[in-house]
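Structure first, commentary second.
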Amino acid sequence: MKLALAGLPPDSGIKFPSALSGGMVKRAAFARALAVGDPVKFRGIDVGTVKSMSIDPDNSRLVLVDVTLRKETPVKTDTRASLALKGITGVVFIELNGGDPAAKIIATASITLIQGQDA
């Protein structure tokens, strides 16, 4: 048997390679989901936090996220939100972008999460 030629015991044929080499440990980090209290940033500046989350009663494929923002945050009609990761730590936050100088500022906003932009 070829296992004996390599100096391996007969039961080595049913083991995974990591068990034969002394073992190899691989670690993977998984980003956690958005949670209440996570930060909201406007172009990288902290401007608020996630207040609550719920499933949209009209479309169960969507999640409604309520945020609390500083009053001077320039949320405009063209502001968009995306999920982002802080470094490789897996900390998720909402990033707000946009705000053309000609766009109107809105007091109460419903901002669409940009599809395919989440981290």
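Letters A, B, ... mark the chains of the structure tokens in the order given; residue numbers begin at 1 per chain; ligand numbers begin at 1, in order shown.
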Item to complete: Might you pull out every residue within 8 Å of region 66-73 of chain A, with only C-alpha atoms counted and same-chain residues fewer than 5 positions away left off, and present them as a PyMOL selection string?
Response: chain A and resi 40+42+47-53
Only C-alpha atoms, please: the residues just picked out, written as a PDB file, in the first residue's frame.
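Full text of again10.pdb as output:
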ATOM      1  CA  VAL A  40     -24.826  56.753  10.746  1.00  0.00           C
ATOM      2  CA  PHE A  42     -22.455  61.530   6.295  1.00  0.00           C
ATOM      3  CA  VAL A  47     -24.081  62.305  12.339  1.00  0.00           C
ATOM      4  CA  GLY A  48     -26.392  59.878  14.140  1.00  0.00           C
ATOM      5  CA  THR A  49     -27.369  56.364  15.147  1.00  0.00           C
ATOM      6  CA  VAL A  50     -29.801  53.626  14.165  1.00  0.00           C
ATOM      7  CA  LYS A  51     -32.927  54.066  16.305  1.00  0.00           C
ATOM      8  CA  SER A  52     -35.082  51.095  15.252  1.00  0.00           C
ATOM      9  CA  MET A  53     -35.613  48.521  12.518  1.00  0.00           C
TER      10      MET A  53
END
List every residue of region 42-77 of chain A that DSSP, applied to the backbone of this structure, assigns to strand (DSSP E), and report them as JSON, numbers by chain.
{"A": [42, 45, 46, 47, 48, 49, 50, 51, 52, 53, 54, 55, 63, 64, 65, 66, 67, 68, 69]}
Expressed in Å, the length from CA of Pro74 (chain A) to CA of Ile45 (chain A) is 11.9 Å
Within 8 Å of Asp78 (chain A) using only C-alpha atoms, minus same-chain residues under 6 positions, as a PyMOL selection string = chain A and resi 98-100+103
Any chance you could export the current selection's C-alpha atoms as a PDB file, in the first residue's frame?
ATOM      1  CA  GLY A  98     -25.246  62.922  -2.098  1.00  0.00           C
ATOM      2  CA  GLY A  99     -26.664  66.327  -1.566  1.00  0.00           C
ATOM      3  CA  ASP A 100     -26.261  68.413  -4.690  1.00  0.00           C
ATOM      4  CA  ALA A 103     -31.223  69.907  -4.120  1.00  0.00           C
TER       5      ALA A 103
END
